[in-house]
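Working notes for the structure below.
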Number of protein chains: 2
Amino acid sequence: MNIRFVIKVLGRLLLLEGAFMSLSVILSLIYQDGVALKMLLSSGITMATALLVILINKEKSKNLGKKEGFLVVSLSWIIFSFFGTLPFLLSGSIPSFTDAFFETISGFTTTGASILNDIEALPASVLFWRSMTQWIGGMGIIVLSLAILPLLGIGGLQLFVAEVPGPAPDKLHPKVKETAKRLWAIYVAFTLTEMILLLFGGMSFFDAFNHSLTTMATGGYSTKQASIAAWSSPYIHYVISFFMLVAGTNFTMAYFALKGRTKKIWNNEEFRVYLGFLLGFTVIFTLVLSLSRGGLFEENFRESIFQVVSIMTTTGYVTADYLAWAPLLVTLIFILMFFGGSAGSTGGGIKIIRVWLTMKNSYLESKRILHPNAVIPIRYNHRAVPDSITSNILNFVVLYMLIFIVGVVVMAMLGMDMTSSMGAVAACLGNIGPGIGSVGPLDNFAHLPAFGKWFLGFLMLMGRLELFTVIVLLSPVFWRK
Amino acid sequence: MNIRFVIKVLGRLLLLEGAFMSLSVILSLIYQDGVALKMLLSSGITMATALLVILINKEKSKNLGKKEGFLVVSLSWIIFSFFGTLPFLLSGSIPSFTDAFFETISGFTTTGASILNDIEALPASVLFWRSMTQWIGGMGIIVLSLAILPLLGIGGLQLFVAEVPGPAPDKLHPKVKETAKRLWAIYVAFTLTEMILLLFGGMSFFDAFNHSLTTMATGGYSTKQASIAAWSSPYIHYVISFFMLVAGTNFTMAYFALKGRTKKIWNNEEFRVYLGFLLGFTVIFTLVLSLSRGGLFEENFRESIFQVVSIMTTTGYVTADYLAWAPLLVTLIFILMFFGGSAGSTGGGIKIIRVWLTMKNSYLESKRILHPNAVIPIRYNHRAVPDSITSNILNFVVLYMLIFIVGVVVMAMLGMDMTSSMGAVAACLGNIGPGIGSVGPLDNFAHLPAFGKWFLGFLMLMGRLELFTVIVLLSPVFWRK
């Protein structure tokens with residue numbers, strides 16, 4: 001283990017965080033929210049620490065091994081979350097360290113679960129930093145899921161490495177840089193496009209900017225306590241629905257779209273299934289809402305598509321209190337929390353590709369029982385999926401369920417009722433935000449005991465980093481020479 | 001597909017059901033409950049149908065192929081449940097066919113979910129038949145799970161074929177007969193022993209007989225609306241706890257115990273894990289009950305061990321309203337509903353061996369990610385488990401969860417709240433009986449709409465027959481020549 005190299009990378013990343021934080025200073029000066037000095041101090045502490053680490057730790061090596069890779073990934077999210085609390089703490093917006101850490105890790109993991117009871121009361125620059133944590137987290141996830149994790153062999157993600165544009169995946173370093181550049185350009189372009197479209201819908205510049213940052217990250221932090229329900233304009237609801245859908249798509253598809261290679265997009269099985277699920281659930285929701293409560297068709301359709309896209313892509317914005325809907329829809333919302341976005345998107349959860357291949361595999365298993373000597377592999381994109389990857393995927397899905405169950409038990413130990421425990425754990429592990437029960441769309445996570453907040457923060461981290469990235473660090477084998 | 005052979009086997013089995021049914025006539029005469037003629041009619045119709053089928057259908061072949069095996073197994077449970085409704089319908093105890101079928105399939109699958117609101121009002125012989133359906137179902141399951149299903153390669157059950165006493169598993173026919181004889185002798189012996197011990201505890205002969213029939217089947221039908229809570233005697237609670245524990249054990253272990261080969265029992269990993277889970281959960285329940293509500297330690301311990309054993313072995317008797325316990329315990333009860341008994345017991349659920357190997361596999365997966373080229377199999381009973389069996393097991397667990405999820409959605413469609421849907425589906429798919437929510441220990445399944453009852457009956461059948469036995473019949477591949 002080359003620990004000095006790990007520190008070197010972390011130092012540079014921390015410097016980057018400090019630089020992003022300094023943007024809040026500018027914002028504070030523009031909006032005259034009175035915390036410019038506090039924001040400067042936060043950014044200063046972060047950058048000074050980073051520079052100190054970089055100067056002290058001299059390391060020439062450029063080779064990032066597998067173990068170093070796992071360590072850098074997990075530690076960068078944790079360290080970002082620690083320093084990311086500074087703006088909240090120093091500005092006095094969130095006095096408790098536990099709460100500030102929860103809010104920050106919820107940001108960097110693009111979860112969006114909040115402990116804030118009066119969002120509108122916060123200074124503009126603090127709200128901006130809160131949105132920024134999600135946008136940075138989304139950036140991190142794109143490069144992580146498209147360039148690093150597949151090479152580390154996590155949970156079957158090898159499957160779509162071949163799809164990623166960029167140089168051949170033989171060497172990690174140049175590939176990461178090239179791929180990252182292209183995909184970040186797309187990420188920035190989408191963010192700006194959404195912002196402009198929201199401005200056309202009558203949103204203020206500040207709100208449009210913040211919401212486009214948190215949409216593209218499938219984060220879900222809003223500048224309003226009521227989330228997107230604070231705006232009644234259908235146009236705004238549809239624009240945000242569309243961009244959540246885009247954010248939950250494999251970013252490689254966006255790359256192909258810009259290159260005009262639409263056939264390649266339509267040939268992608270995960271993308272078709274993703275759209276199929278969204279469409280199917282939207283139809284069911286619209287029908288059930290129309291039958292159970294009546295009202296205008298357009299409104300039922302709009303609330304349906306917004307909530308379905310928001311939960312399935314793990315964004316977590318709300319325009320309606322879905323807990324007040326028919327029991328069938330509450331149940332479906334809860335199940336949707338496990339689907340997640342496409343692999344290679346900023347969405348969390350189990351991911352469409354895994355859900356789909358798991359379903360396919362279960363279907364094939366009955367054929368296998370009838371013909372025990374025949375080899376019957378799953379097919380994906382018209383190719384047979386190797387057994388090792390199928391097994392990776394099943395192991396991932398099973399582990400996800402096991403962690404979910406353990407999580408629910410831990411939350412129940414803290415005295416939470418079963419429904420709320422399930423909601424809180426599904427929402428945090430899946431990086432969604434609001435859950436069901438006492439952490440539903442009209443509530444937040446403020447009322448949980450401190451231990452619960454730290455534990456849920458840990459689940460957010462595990463869920464965001466495809467479980468195994470964090471879990472291998474907990475295994476004694478990892479630390480053996 | 002040799003359909004005539006299938007009919008031949010089914011005819012013989014139906015004759016056996018009629019014979020068992022005729023025992024109710026004797027019981028009716030002894031207890032003078034006034035329905036002796038109705039019971040005679042039920043038994044007569046069943047046996048006459050069976051004889052008719054046997055006489056018309058001439059078939060000399062003795063070879064049972066794989067496809068015929070699947071068909072016989074599923075159809076025998078369905079046909080038994082259809083004819084098993086006769087005593088309920090003809091005696092007027094359960095006038096609705098839907099309700100009678102639910103009660104009967106719940107019996108033959110050893111589930112124990114009931115639609116009866118006043119059990120004590122039923123004639124003695126009808127109650128006896130109700131208990132008998134479970135005992136017959138238990139008998140069927142023993143031979144099925146120890147002699148037939150492992151040979152069909154269902155869900156990793158091949159693993160313990162080597163453990164089953166009897167001739168080598170090369171030919172199905174002699175093995176089934178020999179194994180069945182030995183294990184049924186044990187089953188009968190245990191039933192009689194429990195009955196005698198319950199008589200010593202002051203139970204009436206009728207109650208002791210019925211409860212020993214339904215304990216050994218891990219069925220859970222009681223002669224009292226209040227289930228075992230109708231008796232306050234700690235002795236009775238402990239005796240029943242012990243025999244539920246025995247019924248949830250692989251019956252091969254009982255065979256070894258009688259042969260004095262105790263070392264072979266202790267060397268069995270599933271048995272150790274089974275006891276470990278029961279003990280662990282009992283300790284947790286006792287502690288949490290003592291801390292949360294105080295009271296006598298013995299009472300807390302007794303209620304804990306009874307409910308833990310009853311739910312985990314999928315029996316479903318109750319001595320306490322566990323829904324009134326602390327949220328942690330309600331959550332754990334719900335999770336326990338998925339564990340199930342040992343493979344080769346009369347218990348349902350996922351089964352300890354699969355739960356345990358799934359946990360082991362998830363633990364090993366992080367090692368595999370660090371050493372992608374190393375072969376790291378699960379070890380069971382000190383031997384490496386072949387990849388194909390590990391994959392069987394994971395597929396089973398995943399499919400169980402998928403069916404559970406689909407089941408919950410279907411129940412939610414009928415307007416049930418999410419908690420009750422989850423409780424009803426877990427309790428029926430796992431062959432337990434009482435669930436959580438509106439189908440908890442103090443409630444029953446009477447209030448469900450007819451479609452829900454038929455659907456849950458189908459889930460009981462799937463759960464009881466290790467999912468795939470039923471599912472392959474639904475696959476078009478099965479019916480192709």
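Chain labels follow the order of the structure tokens: the first chain is A, the next B, and so on; residue numbering restarts at 1 in every chain, and ligands are counted from 1 in their shown order.
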Quick one: contact table of chain B to chain A, 9 Å max, nearest atom pair and distance in Å to one decimal per residue, counting only C-alpha atoms, chain and number order, as CSV?
residue,atom,partner,partner_atom,distance
B:Lys66,CA,A:Leu370,CA,7.9
B:Lys67,CA,A:Leu370,CA,7.8
B:Leu152,CA,A:Ile369,CA,7.5
B:Gly153,CA,A:Ile369,CA,6.6
B:Ile154,CA,A:Ile369,CA,7.1
B:Ala326,CA,A:Gly415,CA,7.5
B:Pro327,CA,A:Asp417,CA,5.2
B:Leu328,CA,A:Ala412,CA,4.5
B:Leu329,CA,A:Ala412,CA,8.2
B:Val330,CA,A:Met418,CA,7.5
B:Thr331,CA,A:Met418,CA,5.8
B:Leu332,CA,A:Val409,CA,7.0
B:Ile335,CA,A:Ile405,CA,7.8
B:Thr358,CA,A:Val398,CA,7.9
B:Met359,CA,A:Leu402,CA,8.1
B:Asn361,CA,A:Asn395,CA,7.8
B:Ser362,CA,A:Leu399,CA,6.0
B:Tyr363,CA,A:Leu399,CA,8.9
B:Glu365,CA,A:Asn395,CA,7.3
B:Ser366,CA,A:Val472,CA,5.4
B:Lys367,CA,A:Val477,CA,7.0
B:Ile369,CA,A:Gly153,CA,6.6
B:Leu370,CA,A:Phe478,CA,7.3
B:Pro372,CA,A:Gly153,CA,7.9
B:Ser391,CA,A:Ser391,CA,7.4
B:Asn392,CA,A:Glu365,CA,8.3
B:Leu394,CA,A:Leu394,CA,7.0
B:Asn395,CA,A:Ser362,CA,6.4
B:Phe396,CA,A:Ser362,CA,8.3
B:Val397,CA,A:Val398,CA,8.1
B:Val398,CA,A:Val398,CA,7.0
B:Leu399,CA,A:Ser362,CA,6.0
B:Leu402,CA,A:Met359,CA,8.1
B:Ile405,CA,A:Ile335,CA,7.8
B:Val408,CA,A:Thr331,CA,7.8
B:Val409,CA,A:Leu328,CA,6.5
B:Val410,CA,A:Leu328,CA,8.3
B:Met411,CA,A:Leu328,CA,8.2
B:Ala412,CA,A:Leu328,CA,4.5
B:Met413,CA,A:Leu328,CA,5.1
B:Leu414,CA,A:Leu328,CA,8.0
B:Gly415,CA,A:Pro327,CA,6.0
B:Met416,CA,A:Pro327,CA,6.5
B:Asp417,CA,A:Pro327,CA,5.2
B:Met418,CA,A:Thr331,CA,5.8
B:Thr419,CA,A:Thr419,CA,7.2
B:Phe468,CA,A:Ser366,CA,6.4
B:Thr469,CA,A:Ser366,CA,8.9
B:Ile471,CA,A:Ser366,CA,6.8
B:Val472,CA,A:Ser366,CA,5.4
B:Ser475,CA,A:Ser366,CA,7.4
B:Val477,CA,A:Lys367,CA,7.0
B:Phe478,CA,A:Leu370,CA,7.4
Using only C-alpha atoms, which residues sit within 9 Å of range 229-242 of chain B once same-chain residues fewer than 4 positions away are excluded, as a PyMOL selection string? chain B and resi 194+197-198+201-203+211-212+215+224-225+246-247+299+302-303+305-307+309-310+317-320
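Nearest residue to Gly341 in chain A, choosing from A:Lys259, A:His447, A:Arg464, A:Arg293 and counting only C-alpha atoms: A:Arg464.
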Give me, as a ChimeraX atom specification, all polymer residues having an atom no more than 10 Å from Leu275 in chain B, counting only C-alpha atoms and skipping those fewer than 4 positions away in the same chain. /B:245,249,270-271,279-281,309
Enumerate as an MDAnalysis selection string all residues of range 64-99 of chain A assigned to alpha helix (DSSP H) by DSSP on the backbone, naming them with the chain letters and numbers the document uses. chainID A and resid 66:84 86:90 97:99
Please save N, CA and C atoms of the selected residues as a short mmCIF file (atom, residue, chain, number, x, y, z; two decimals), in the first residue's frame.
data_model
loop_
_atom_site.label_atom_id
_atom_site.label_comp_id
_atom_site.auth_asym_id
_atom_site.auth_seq_id
_atom_site.Cartn_x
_atom_site.Cartn_y
_atom_site.Cartn_z
N LYS A 66 -4.77 -0.97 -7.25
CA LYS A 66 -6.16 -1.26 -6.96
C LYS A 66 -6.52 -0.85 -5.52
N LYS A 67 -5.69 -1.27 -4.58
CA LYS A 67 -5.97 -0.96 -3.18
C LYS A 67 -5.97 0.55 -2.95
N GLU A 68 -4.97 1.25 -3.54
CA GLU A 68 -4.92 2.70 -3.39
C GLU A 68 -6.19 3.31 -3.98
N GLY A 69 -6.65 2.74 -5.08
CA GLY A 69 -7.87 3.23 -5.73
C GLY A 69 -9.06 3.20 -4.78
N PHE A 70 -9.27 2.03 -4.13
CA PHE A 70 -10.39 1.91 -3.20
C PHE A 70 -10.27 2.95 -2.07
N LEU A 71 -9.04 3.10 -1.55
CA LEU A 71 -8.84 3.98 -0.41
C LEU A 71 -9.09 5.44 -0.79
N VAL A 72 -8.55 5.85 -1.94
CA VAL A 72 -8.72 7.23 -2.38
C VAL A 72 -10.21 7.54 -2.54
N VAL A 73 -10.94 6.62 -3.17
CA VAL A 73 -12.35 6.88 -3.45
C VAL A 73 -13.14 7.10 -2.16
N SER A 74 -13.05 6.15 -1.23
CA SER A 74 -13.83 6.29 0.01
C SER A 74 -13.38 7.49 0.82
N LEU A 75 -12.05 7.64 0.95
CA LEU A 75 -11.55 8.74 1.78
C LEU A 75 -11.89 10.10 1.19
N SER A 76 -11.88 10.21 -0.13
CA SER A 76 -12.17 11.53 -0.71
C SER A 76 -13.60 11.96 -0.36
N TRP A 77 -14.57 11.02 -0.40
CA TRP A 77 -15.93 11.41 -0.05
C TRP A 77 -16.03 11.78 1.44
N ILE A 78 -15.29 11.05 2.28
CA ILE A 78 -15.36 11.33 3.71
C ILE A 78 -14.70 12.67 4.03
N ILE A 79 -13.50 12.90 3.45
CA ILE A 79 -12.78 14.14 3.74
C ILE A 79 -13.53 15.35 3.18
N PHE A 80 -14.07 15.21 1.98
CA PHE A 80 -14.89 16.29 1.41
C PHE A 80 -16.04 16.63 2.36
N SER A 81 -16.66 15.58 2.93
CA SER A 81 -17.80 15.83 3.81
C SER A 81 -17.37 16.52 5.10
N PHE A 82 -16.18 16.16 5.62
CA PHE A 82 -15.72 16.82 6.84
C PHE A 82 -15.46 18.30 6.60
N PHE A 83 -14.68 18.62 5.59
CA PHE A 83 -14.38 20.03 5.33
C PHE A 83 -15.61 20.77 4.81
N GLY A 84 -16.47 20.03 4.14
CA GLY A 84 -17.69 20.65 3.60
C GLY A 84 -18.64 21.16 4.67
N LEU A 86 -17.74 23.09 7.08
CA LEU A 86 -17.27 24.41 7.56
C LEU A 86 -18.23 25.56 7.25
N PRO A 87 -18.70 25.70 6.00
CA PRO A 87 -19.63 26.80 5.72
C PRO A 87 -20.89 26.75 6.60
N PHE A 88 -21.42 25.55 6.83
CA PHE A 88 -22.61 25.42 7.67
C PHE A 88 -22.31 25.80 9.12
N LEU A 89 -21.17 25.30 9.64
CA LEU A 89 -20.83 25.52 11.04
C LEU A 89 -20.43 26.97 11.30
N LEU A 90 -19.49 27.49 10.47
CA LEU A 90 -18.96 28.83 10.73
C LEU A 90 -20.01 29.92 10.52
N PHE A 97 -22.52 19.73 14.88
CA PHE A 97 -21.60 19.09 13.95
C PHE A 97 -22.25 17.87 13.31
N THR A 98 -22.96 17.07 14.13
CA THR A 98 -23.66 15.89 13.60
C THR A 98 -24.58 16.28 12.46
N ASP A 99 -25.41 17.31 12.70
CA ASP A 99 -26.35 17.74 11.67
C ASP A 99 -25.62 18.27 10.43
#
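Going from CA of Ser145 in chain B to CA of Gly433 in chain B covers 20.5 Å.
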Near Leu116 in chain A, within 10 Å and counting only C-alpha atoms, which residues show up once chain neighbours fewer than 4 positions away are dropped, as a PyMOL selection string? chain A and resi 93-94+99-100+103+120-122+225+443-446
Calculate how many Å separate CA of Pro377 in chain B from CA of Thr346 in chain B, rounding to one decimal.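 Distance reported for this atom pair: 29.1 Å.
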Applying 12 Å and only C-alpha atoms, which residues near range 18-29 of chain B remain after dropping the ones on its own chain fewer than 5 positions away? List them as a count of residues only. 50
Could you give me the residues within range 300-418 of chain B that DSSP places in strand (DSSP E), as a ChimeraX atom specification? /B:379-380,383-384
Selection from above, N, CA and C atoms, as a JSON list (two decimals), in the first residue's frame, can you write it?
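What landed in result_9.json:
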[["chain", "number", "residue", "atom", "x", "y", "z"],
["B", 379, "ARG", "N", -17.54, -22.47, 1.83],
["B", 379, "ARG", "CA", -17.34, -23.79, 2.43],
["B", 379, "ARG", "C", -18.57, -24.13, 3.27],
["B", 380, "TYR", "N", -19.02, -25.38, 3.15],
["B", 380, "TYR", "CA", -20.16, -25.83, 3.95],
["B", 380, "TYR", "C", -19.84, -27.23, 4.44],
["B", 383, "ARG", "N", -16.55, -28.55, 3.36],
["B", 383, "ARG", "CA", -16.27, -28.85, 1.95],
["B", 383, "ARG", "C", -16.61, -27.63, 1.10],
["B", 384, "ALA", "N", -15.87, -27.48, -0.01],
["B", 384, "ALA", "CA", -16.16, -26.37, -0.93],
["B", 384, "ALA", "C", -17.48, -26.64, -1.65]]
I'd like the neighbourhood of Lys351 in chain A as a PyMOL selection string, where a residue qualifies if any of its atoms comes within 6 Å (using only C-alpha atoms), though same-chain residues fewer than 3 positions away should be ignored. chain A and resi 339-343+354
Restricting it to all heavy atoms, dump the selection as an mmCIF file, in the first residue's frame.
data_model
loop_
_atom_site.group_PDB
_atom_site.id
_atom_site.type_symbol
_atom_site.label_atom_id
_atom_site.label_comp_id
_atom_site.auth_asym_id
_atom_site.auth_seq_id
_atom_site.Cartn_x
_atom_site.Cartn_y
_atom_site.Cartn_z
ATOM 1 N N PHE A 339 -34.846 0.733 -7.500
ATOM 2 C CA PHE A 339 -34.449 0.642 -8.907
ATOM 3 C C PHE A 339 -33.197 1.461 -9.196
ATOM 4 O O PHE A 339 -32.211 0.949 -9.658
ATOM 5 C CB PHE A 339 -35.603 1.118 -9.806
ATOM 6 C CG PHE A 339 -36.641 0.065 -10.062
ATOM 7 C CD1 PHE A 339 -37.286 -0.568 -9.014
ATOM 8 C CD2 PHE A 339 -36.980 -0.291 -11.345
ATOM 9 C CE1 PHE A 339 -38.244 -1.541 -9.246
ATOM 10 C CE2 PHE A 339 -37.942 -1.259 -11.599
ATOM 11 C CZ PHE A 339 -38.573 -1.877 -10.547
ATOM 12 N N GLY A 340 -33.275 2.781 -8.922
ATOM 13 C CA GLY A 340 -32.120 3.628 -9.186
ATOM 14 C C GLY A 340 -32.012 4.030 -10.639
ATOM 15 O O GLY A 340 -32.836 3.639 -11.475
ATOM 16 N N GLY A 341 -30.982 4.809 -10.938
ATOM 17 C CA GLY A 341 -30.766 5.297 -12.291
ATOM 18 C C GLY A 341 -30.009 4.279 -13.119
ATOM 19 O O GLY A 341 -29.808 3.139 -12.711
ATOM 20 N N SER A 342 -29.594 4.694 -14.318
ATOM 21 C CA SER A 342 -28.774 3.830 -15.162
ATOM 22 C C SER A 342 -27.357 3.798 -14.605
ATOM 23 O O SER A 342 -26.921 4.730 -13.934
ATOM 24 C CB SER A 342 -28.723 4.391 -16.584
ATOM 25 O OG SER A 342 -30.008 4.702 -17.042
ATOM 26 N N ALA A 343 -26.627 2.726 -14.909
ATOM 27 C CA ALA A 343 -25.209 2.702 -14.569
ATOM 28 C C ALA A 343 -24.538 3.795 -15.392
ATOM 29 O O ALA A 343 -24.921 4.023 -16.538
ATOM 30 C CB ALA A 343 -24.620 1.346 -14.905
ATOM 31 N N ARG A 354 -28.678 -3.730 -13.319
ATOM 32 C CA ARG A 354 -28.656 -4.873 -12.399
ATOM 33 C C ARG A 354 -30.063 -5.398 -12.136
ATOM 34 O O ARG A 354 -30.284 -6.596 -12.075
ATOM 35 C CB ARG A 354 -28.014 -4.472 -11.068
ATOM 36 C CG ARG A 354 -26.540 -4.136 -11.180
ATOM 37 C CD ARG A 354 -25.872 -4.233 -9.811
ATOM 38 N NE ARG A 354 -24.507 -3.735 -9.850
ATOM 39 C CZ ARG A 354 -24.132 -2.531 -9.468
ATOM 40 N NH1 ARG A 354 -25.039 -1.681 -9.006
ATOM 41 N NH2 ARG A 354 -22.883 -2.162 -9.526
#
Identify, on the basis of only C-alpha atoms, every residue whose closest approach to Glu59 in chain A does not exceed 9 Å; exclude the query and any residue fewer than 5 positions from it along the same chain; express the result as a list of chain:residue names. A:Arg4, A:Phe5, A:Lys8
By how many Å are CA of Gly348 in chain B and CA of Gly248 in chain B apart? 8.6 Å
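Checking A:Val439, A:Leu336, A:Met244, A:Met216 one by one against Leu323 in chain A, counting only C-alpha atoms, you find the shortest gap at A:Val439.
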